[in-house]
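Shown next: model_17.cif, containing mmCIF, C-alpha atoms and all ligand atoms; chains and numbers go by the auth columns.
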```
data_query
loop_
_atom_site.group_PDB
_atom_site.id
_atom_site.type_symbol
_atom_site.label_atom_id
_atom_site.label_comp_id
_atom_site.label_asym_id
_atom_site.label_seq_id
_atom_site.Cartn_x
_atom_site.Cartn_y
_atom_site.Cartn_z
_atom_site.B_iso_or_equiv
_atom_site.auth_seq_id
_atom_site.auth_asym_id
ATOM 1 C CA MET A 1 -29.463 108.395 -27.060 0.00 1 A
ATOM 2 C CA GLU A 2 -26.351 108.005 -24.978 0.00 2 A
ATOM 3 C CA LEU A 3 -26.668 104.917 -22.812 0.00 3 A
ATOM 4 C CA LYS A 4 -24.581 104.474 -19.684 0.00 4 A
ATOM 5 C CA LEU A 5 -24.690 101.252 -17.772 0.00 5 A
ATOM 6 C CA LYS A 6 -22.580 98.556 -16.194 0.00 6 A
ATOM 7 C CA VAL A 7 -22.257 95.269 -18.063 0.00 7 A
ATOM 8 C CA ASN A 8 -20.400 92.365 -16.510 0.00 8 A
ATOM 9 C CA TYR A 9 -18.853 94.690 -13.922 0.00 9 A
ATOM 10 C CA LYS A 10 -17.515 97.153 -16.532 0.00 10 A
ATOM 11 C CA ASN A 11 -18.820 100.643 -17.292 0.00 11 A
ATOM 12 C CA VAL A 12 -20.223 101.034 -20.788 0.00 12 A
ATOM 13 C CA LYS A 13 -21.035 104.343 -22.491 0.00 13 A
ATOM 14 C CA ILE A 14 -22.428 104.072 -26.008 0.00 14 A
ATOM 15 C CA ASN A 15 -24.767 105.802 -28.448 0.00 15 A
ATOM 16 C CA ILE A 16 -27.693 103.596 -29.337 0.00 16 A
ATOM 17 C CA ASP A 17 -31.129 103.505 -30.861 0.00 17 A
ATOM 18 C CA PRO A 18 -33.223 103.352 -27.662 0.00 18 A
ATOM 19 C CA THR A 19 -35.880 101.290 -29.429 0.00 19 A
ATOM 20 C CA LYS A 20 -33.473 98.466 -30.170 0.00 20 A
ATOM 21 C CA ARG A 21 -34.266 95.336 -28.166 0.00 21 A
ATOM 22 C CA LEU A 22 -31.898 94.696 -25.279 0.00 22 A
ATOM 23 C CA ILE A 23 -31.055 91.232 -26.654 0.00 23 A
ATOM 24 C CA ASP A 24 -29.919 92.795 -29.948 0.00 24 A
ATOM 25 C CA PHE A 25 -27.937 95.503 -28.178 0.00 25 A
ATOM 26 C CA LEU A 26 -26.096 92.896 -26.092 0.00 26 A
ATOM 27 C CA ARG A 27 -25.401 90.532 -28.992 0.00 27 A
ATOM 28 C CA GLU A 28 -24.708 93.032 -31.770 0.00 28 A
ATOM 29 C CA ASP A 29 -23.212 96.066 -30.038 0.00 29 A
ATOM 30 C CA LEU A 30 -21.383 94.356 -27.163 0.00 30 A
ATOM 31 C CA ASN A 31 -20.738 90.985 -28.859 0.00 31 A
ATOM 32 C CA LEU A 32 -22.199 89.094 -25.887 0.00 32 A
ATOM 33 C CA THR A 33 -23.452 86.184 -27.948 0.00 33 A
ATOM 34 C CA GLY A 34 -23.992 83.962 -24.905 0.00 34 A
ATOM 35 C CA VAL A 35 -27.403 85.666 -24.810 0.00 35 A
ATOM 36 C CA LYS A 36 -29.505 83.327 -26.940 0.00 36 A
ATOM 37 C CA GLU A 37 -32.659 84.026 -28.922 0.00 37 A
ATOM 38 C CA GLY A 38 -35.386 81.405 -28.928 0.00 38 A
ATOM 39 C CA CYS A 39 -39.021 82.456 -28.993 0.00 39 A
ATOM 40 C CA SER A 40 -38.482 86.251 -29.183 0.00 40 A
ATOM 41 C CA GLU A 41 -41.574 86.807 -27.049 0.00 41 A
ATOM 42 C CA GLY A 42 -40.659 86.260 -23.420 0.00 42 A
ATOM 43 C CA GLU A 43 -41.723 82.610 -23.242 0.00 43 A
ATOM 44 C CA CYS A 44 -38.601 80.417 -23.503 0.00 44 A
ATOM 45 C CA GLY A 45 -36.063 82.106 -21.227 0.00 45 A
ATOM 46 C CA ALA A 46 -33.116 81.559 -23.594 0.00 46 A
ATOM 47 C CA CYS A 47 -32.358 85.286 -23.595 0.00 47 A
ATOM 48 C CA THR A 48 -32.393 85.625 -19.793 0.00 48 A
ATOM 49 C CA ILE A 49 -29.915 88.039 -18.226 0.00 49 A
ATOM 50 C CA ILE A 50 -29.570 89.456 -14.720 0.00 50 A
ATOM 51 C CA LEU A 51 -30.735 93.079 -14.636 0.00 51 A
ATOM 52 C CA ASN A 52 -30.249 94.827 -11.292 0.00 52 A
ATOM 53 C CA GLU A 53 -30.105 91.415 -9.580 0.00 53 A
ATOM 54 C CA GLU A 54 -33.326 90.114 -11.183 0.00 54 A
ATOM 55 C CA ALA A 55 -33.471 87.470 -13.906 0.00 55 A
ATOM 56 C CA VAL A 56 -35.324 88.993 -16.887 0.00 56 A
ATOM 57 C CA THR A 57 -35.851 88.171 -20.556 0.00 57 A
ATOM 58 C CA SER A 58 -33.838 90.545 -22.718 0.00 58 A
ATOM 59 C CA CYS A 59 -36.098 90.077 -25.763 0.00 59 A
ATOM 60 C CA THR A 60 -38.919 91.911 -23.988 0.00 60 A
ATOM 61 C CA ILE A 61 -36.900 94.950 -22.859 0.00 61 A
ATOM 62 C CA LEU A 62 -35.664 97.883 -24.932 0.00 62 A
ATOM 63 C CA ALA A 63 -32.080 99.078 -24.717 0.00 63 A
ATOM 64 C CA GLY A 64 -33.377 102.542 -23.840 0.00 64 A
ATOM 65 C CA GLN A 65 -34.890 101.145 -20.637 0.00 65 A
ATOM 66 C CA VAL A 66 -31.605 100.055 -19.063 0.00 66 A
ATOM 67 C CA ASP A 67 -29.859 103.401 -18.679 0.00 67 A
ATOM 68 C CA GLY A 68 -28.026 103.428 -15.336 0.00 68 A
ATOM 69 C CA CYS A 69 -28.655 99.723 -14.763 0.00 69 A
ATOM 70 C CA GLU A 70 -26.345 96.840 -14.020 0.00 70 A
ATOM 71 C CA ILE A 71 -26.423 93.772 -16.269 0.00 71 A
ATOM 72 C CA ILE A 72 -24.774 90.397 -15.932 0.00 72 A
ATOM 73 C CA THR A 73 -24.671 87.966 -18.843 0.00 73 A
ATOM 74 C CA ILE A 74 -23.201 84.473 -18.911 0.00 74 A
ATOM 75 C CA GLU A 75 -19.901 85.982 -20.039 0.00 75 A
ATOM 76 C CA GLY A 76 -19.688 87.846 -16.724 0.00 76 A
ATOM 77 C CA LEU A 77 -19.818 84.748 -14.528 0.00 77 A
ATOM 78 C CA GLU A 78 -16.355 83.489 -15.351 0.00 78 A
ATOM 79 C CA GLN A 79 -13.764 85.390 -13.346 0.00 79 A
ATOM 80 C CA SER A 80 -10.014 85.240 -14.119 0.00 80 A
ATOM 81 C CA GLY A 81 -10.456 82.091 -16.182 0.00 81 A
ATOM 82 C CA GLU A 82 -12.363 80.356 -13.382 0.00 82 A
ATOM 83 C CA LEU A 83 -15.939 79.226 -14.050 0.00 83 A
ATOM 84 C CA ASP A 84 -18.664 80.215 -11.612 0.00 84 A
ATOM 85 C CA VAL A 85 -19.651 77.530 -9.140 0.00 85 A
ATOM 86 C CA ILE A 86 -23.013 77.159 -10.922 0.00 86 A
ATOM 87 C CA GLN A 87 -21.323 76.564 -14.260 0.00 87 A
ATOM 88 C CA LYS A 88 -19.118 73.910 -12.648 0.00 88 A
ATOM 89 C CA SER A 89 -22.073 72.238 -10.997 0.00 89 A
ATOM 90 C CA PHE A 90 -24.013 72.098 -14.288 0.00 90 A
ATOM 91 C CA ILE A 91 -21.029 70.394 -15.919 0.00 91 A
ATOM 92 C CA GLU A 92 -20.482 67.980 -13.019 0.00 92 A
ATOM 93 C CA ASN A 93 -24.157 67.013 -12.938 0.00 93 A
ATOM 94 C CA GLY A 94 -24.517 66.547 -16.699 0.00 94 A
ATOM 95 C CA ALA A 95 -27.152 69.300 -16.737 0.00 95 A
ATOM 96 C CA ILE A 96 -26.142 70.429 -20.230 0.00 96 A
ATOM 97 C CA GLN A 97 -26.783 68.791 -23.571 0.00 97 A
ATOM 98 C CA CYS A 98 -27.068 71.097 -26.564 0.00 98 A
ATOM 99 C CA GLY A 99 -26.450 74.034 -24.255 0.00 99 A
ATOM 100 C CA PHE A 100 -28.863 76.422 -25.962 0.00 100 A
ATOM 101 C CA CYS A 101 -30.947 77.008 -22.855 0.00 101 A
ATOM 102 C CA THR A 102 -27.952 76.897 -20.530 0.00 102 A
ATOM 103 C CA PRO A 103 -26.898 80.565 -20.319 0.00 103 A
ATOM 104 C CA GLY A 104 -30.436 81.650 -19.441 0.00 104 A
ATOM 105 C CA MET A 105 -30.961 78.705 -17.120 0.00 105 A
ATOM 106 C CA ILE A 106 -27.723 79.406 -15.240 0.00 106 A
ATOM 107 C CA LEU A 107 -28.508 83.106 -14.921 0.00 107 A
ATOM 108 C CA SER A 108 -31.979 82.375 -13.523 0.00 108 A
ATOM 109 C CA CYS A 109 -30.320 80.068 -10.971 0.00 109 A
ATOM 110 C CA LYS A 110 -27.640 82.642 -10.182 0.00 110 A
ATOM 111 C CA ALA A 111 -30.263 85.339 -9.541 0.00 111 A
ATOM 112 C CA LEU A 112 -32.056 82.928 -7.183 0.00 112 A
ATOM 113 C CA LEU A 113 -28.889 82.011 -5.292 0.00 113 A
ATOM 114 C CA LEU A 114 -27.830 85.631 -4.907 0.00 114 A
ATOM 115 C CA LYS A 115 -31.055 86.251 -2.981 0.00 115 A
ATOM 116 C CA ASN A 116 -31.513 82.849 -1.433 0.00 116 A
ATOM 117 C CA PRO A 117 -28.286 80.867 -1.060 0.00 117 A
ATOM 118 C CA ASN A 118 -30.029 77.770 0.235 0.00 118 A
ATOM 119 C CA PRO A 119 -33.202 77.303 -1.811 0.00 119 A
ATOM 120 C CA THR A 120 -35.604 74.384 -1.505 0.00 120 A
ATOM 121 C CA GLU A 121 -36.322 72.155 -4.474 0.00 121 A
ATOM 122 C CA ASP A 122 -39.623 73.956 -5.014 0.00 122 A
ATOM 123 C CA GLU A 123 -37.898 77.334 -4.979 0.00 123 A
ATOM 124 C CA ILE A 124 -35.378 76.111 -7.563 0.00 124 A
ATOM 125 C CA LYS A 125 -38.175 74.790 -9.768 0.00 125 A
ATOM 126 C CA ARG A 126 -40.038 78.075 -9.489 0.00 126 A
ATOM 127 C CA ALA A 127 -36.890 80.059 -10.391 0.00 127 A
ATOM 128 C CA ILE A 128 -36.412 78.102 -13.629 0.00 128 A
ATOM 129 C CA GLU A 129 -40.040 77.683 -14.621 0.00 129 A
ATOM 130 C CA GLY A 130 -39.625 80.371 -17.295 0.00 130 A
ATOM 131 C CA ASN A 131 -36.634 78.594 -18.846 0.00 131 A
ATOM 132 C CA LEU A 132 -37.461 75.859 -21.331 0.00 132 A
ATOM 133 C CA CYS A 133 -35.021 73.023 -22.012 0.00 133 A
ATOM 134 C CA ARG A 134 -35.750 70.521 -24.755 0.00 134 A
ATOM 135 C CA CYS A 135 -32.802 68.251 -23.987 0.00 135 A
ATOM 136 C CA THR A 136 -31.979 67.234 -20.452 0.00 136 A
ATOM 137 C CA GLY A 137 -35.210 67.141 -18.540 0.00 137 A
ATOM 138 C CA TYR A 138 -35.055 69.228 -15.430 0.00 138 A
ATOM 139 C CA ASN A 139 -33.891 66.776 -12.759 0.00 139 A
ATOM 140 C CA LYS A 140 -30.194 67.207 -13.413 0.00 140 A
ATOM 141 C CA ILE A 141 -30.561 70.955 -13.554 0.00 141 A
ATOM 142 C CA VAL A 142 -32.352 71.037 -10.194 0.00 142 A
ATOM 143 C CA LYS A 143 -29.716 68.710 -8.734 0.00 143 A
ATOM 144 C CA ALA A 144 -26.931 70.969 -10.050 0.00 144 A
ATOM 145 C CA VAL A 145 -28.392 73.885 -8.122 0.00 145 A
ATOM 146 C CA LYS A 146 -29.063 71.829 -4.998 0.00 146 A
ATOM 147 C CA ASP A 147 -25.442 70.682 -4.895 0.00 147 A
ATOM 148 C CA ILE A 148 -24.190 74.209 -4.408 0.00 148 A
ATOM 149 C CA THR A 149 -23.618 75.188 -0.808 0.00 149 A
ATOM 150 C CA VAL A 150 -24.128 78.603 0.712 0.00 150 A
ATOM 151 C CA LYS A 151 -20.510 79.635 0.923 0.00 151 A
ATOM 152 C CA GLU A 152 -19.726 78.765 -2.684 0.00 152 A
ATOM 153 C CA VAL A 153 -22.223 81.138 -4.334 0.00 153 A
HETATM 154 S S1 LIG B . -36.032 84.640 -26.701 0.00 201 A
HETATM 155 FE FE1 LIG B . -36.539 85.835 -25.001 0.00 201 A
HETATM 156 S S2 LIG B . -37.824 84.586 -23.823 0.00 201 A
HETATM 157 FE FE2 LIG B . -37.500 83.418 -25.625 0.00 201 A
HETATM 158 S S1 LIG B . -29.580 71.631 -23.068 0.00 202 A
HETATM 159 FE FE1 LIG B . -30.546 71.746 -24.998 0.00 202 A
HETATM 160 S S2 LIG B . -32.237 73.066 -24.666 0.00 202 A
HETATM 161 FE FE2 LIG B . -31.424 72.735 -22.702 0.00 202 A
#
```
Could you spell out this file's structure in structure tokens?
Amino acid sequence: MELKLKVNYKNVKINIDPTKRLIDFLREDLNLTGVKEGCSEGECGACTIILNEEAVTSCTILAGQVDGCEIITIEGLEQSGELDVIQKSFIENGAIQCGFCTPGMILSCKALLLKNPNPTEDEIKRAIEGNLCRCTGYNKIVKAVKDITVKEV
């Protein structure tokens, strides 16, 4: 099928196998390898992307389901060589170790902040409960999100 969508603010038109998983389409066809594969079954959150402003796991969605949609991956957060405020805050707070969970974690946080620029600690925890990190523990990650003020998002 011909798939038309917007990825990282750019229009994409491409012929694809609609039964291909979205994670594979993003990594293999668009070379967006910031999308990570962990569990492959919707449990770890490593493959999280923002789809129409919602954080979703791209291993549980088929490419054929995203026609006409808007997707943001970690590659889309940096603008003109400038990291997104969430990326900066993760770095400043030491919220990254191996970094494998980080793209998905940051995108879950970004989706939260887009809707709710001033979340409580509980709301932050709820937003990242589907993202597993084996390295840092979650305190630094929660602090990284809390440090961001409304106007910076
Ligand atoms: S790889 Fe998709 S949720 Fe784990
Ligand atoms: S930083 Fe290693 S899994 Fe989160």
Pick from A:Val35, A:Cys44, A:Ala63, A:Ile16 nearest to A:Pro103, counting all atoms listed in the file: A:Val35
Nearby residues, ligand LIG 201 (chain A), 12 Å, only C-alpha atoms and all ligand atoms, as a ChimeraX atom specification: /A:21-24,35-49,55-61,100-101,103-105,129-133
Best match for closeness to A:Leu26 among A:Leu114, A:Val142, A:Leu5, A:Leu77, counting all atoms listed in the file: A:Leu5
Each residue of chain A with at least one atom at most 8 Å from ligand LIG 202 (chain A) should appear once, together with its nearest atom pair and the corresponding distance in Å (one decimal); atoms considered: all atoms listed in the file; ordering: chain, then increasing residue number; output as CSV.
```
residue,atom,partner,partner_atom,distance
A:Ala95,CA,A:LIG202,S1,7.2
A:Ile96,CA,A:LIG202,S1,4.6
A:Gln97,CA,A:LIG202,S1,4.0
A:Cys98,CA,A:LIG202,FE1,3.9
A:Gly99,CA,A:LIG202,S1,4.1
A:Phe100,CA,A:LIG202,S2,4.9
A:Cys101,CA,A:LIG202,FE2,4.3
A:Thr102,CA,A:LIG202,FE2,5.8
A:Leu132,CA,A:LIG202,S2,6.8
A:Cys133,CA,A:LIG202,FE2,3.7
A:Arg134,CA,A:LIG202,S2,4.3
A:Cys135,CA,A:LIG202,FE1,4.3
A:Thr136,CA,A:LIG202,S1,5.7
A:Gly137,CA,A:LIG202,FE2,7.9
```
Distance query A:Gln87 at most 10 Å, only C-alpha atoms, self and fewer than 3 positions along chain excluded, as JSON, numbers by chain: {"A": [74, 77, 78, 82, 83, 84, 90, 91, 92, 95, 96, 102, 103, 106, 107, 110, 144, 145]}
Atom CA of A:Leu62 to atom CA of A:Asn31, distance in Å rounded to a single decimal: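 Interatomic distance here is 16.9 Å.
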The PyMOL selection byres (((chain A and resi 70) around 10) and not hetatm) resolved against shown file, as a ChimeraX atom specification: /A:4-11,50-53,66-69,71-72
Output check: residues returned by the PyMOL selection byres (((chain A and resi 14) around 7) and not hetatm), as a list in words: Glu2, Leu3, Lys4, Val12, Lys13, Asn15 and Ile16 of chain A
Expanded to explicit residues, what is the PyMOL selection byres (((chain A and resi 113) around 12) and not hetatm) for this file, as a short mmCIF file (atom, residue, chain, number, x, y, z; two decimals) with C-alpha atoms, keeping the file's coordinate frame?
```
data_model
loop_
_atom_site.label_atom_id
_atom_site.label_comp_id
_atom_site.auth_asym_id
_atom_site.auth_seq_id
_atom_site.Cartn_x
_atom_site.Cartn_y
_atom_site.Cartn_z
CA GLU A 53 -30.10 91.42 -9.58
CA GLU A 54 -33.33 90.11 -11.18
CA ALA A 55 -33.47 87.47 -13.91
CA VAL A 85 -19.65 77.53 -9.14
CA ILE A 86 -23.01 77.16 -10.92
CA ILE A 106 -27.72 79.41 -15.24
CA LEU A 107 -28.51 83.11 -14.92
CA SER A 108 -31.98 82.38 -13.52
CA CYS A 109 -30.32 80.07 -10.97
CA LYS A 110 -27.64 82.64 -10.18
CA ALA A 111 -30.26 85.34 -9.54
CA LEU A 112 -32.06 82.93 -7.18
CA LEU A 114 -27.83 85.63 -4.91
CA LYS A 115 -31.06 86.25 -2.98
CA ASN A 116 -31.51 82.85 -1.43
CA PRO A 117 -28.29 80.87 -1.06
CA ASN A 118 -30.03 77.77 0.24
CA PRO A 119 -33.20 77.30 -1.81
CA THR A 120 -35.60 74.38 -1.50
CA GLU A 123 -37.90 77.33 -4.98
CA ILE A 124 -35.38 76.11 -7.56
CA ALA A 127 -36.89 80.06 -10.39
CA ILE A 128 -36.41 78.10 -13.63
CA VAL A 145 -28.39 73.89 -8.12
CA LYS A 146 -29.06 71.83 -5.00
CA ASP A 147 -25.44 70.68 -4.89
CA ILE A 148 -24.19 74.21 -4.41
CA THR A 149 -23.62 75.19 -0.81
CA VAL A 150 -24.13 78.60 0.71
CA LYS A 151 -20.51 79.64 0.92
CA GLU A 152 -19.73 78.76 -2.68
CA VAL A 153 -22.22 81.14 -4.33
#
```
Gap from atom CA of A:Gln65 to atom CA of A:Leu32 - Å, one decimal: 18.3 Å
Proximity to A:Glu75 - best of A:Asn139, A:Thr33, A:Ser89, A:Thr19, all atoms listed in the file: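 Ranking A:Asn139, A:Thr33, A:Ser89, A:Thr19 by distance to A:Glu75, first place goes to A:Thr33.
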Distance in Å - atom CA of A:Asn93 versus atom CA of A:Tyr138: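 Going from atom CA of A:Asn93 over to atom CA of A:Tyr138, I get 11.4 Å.
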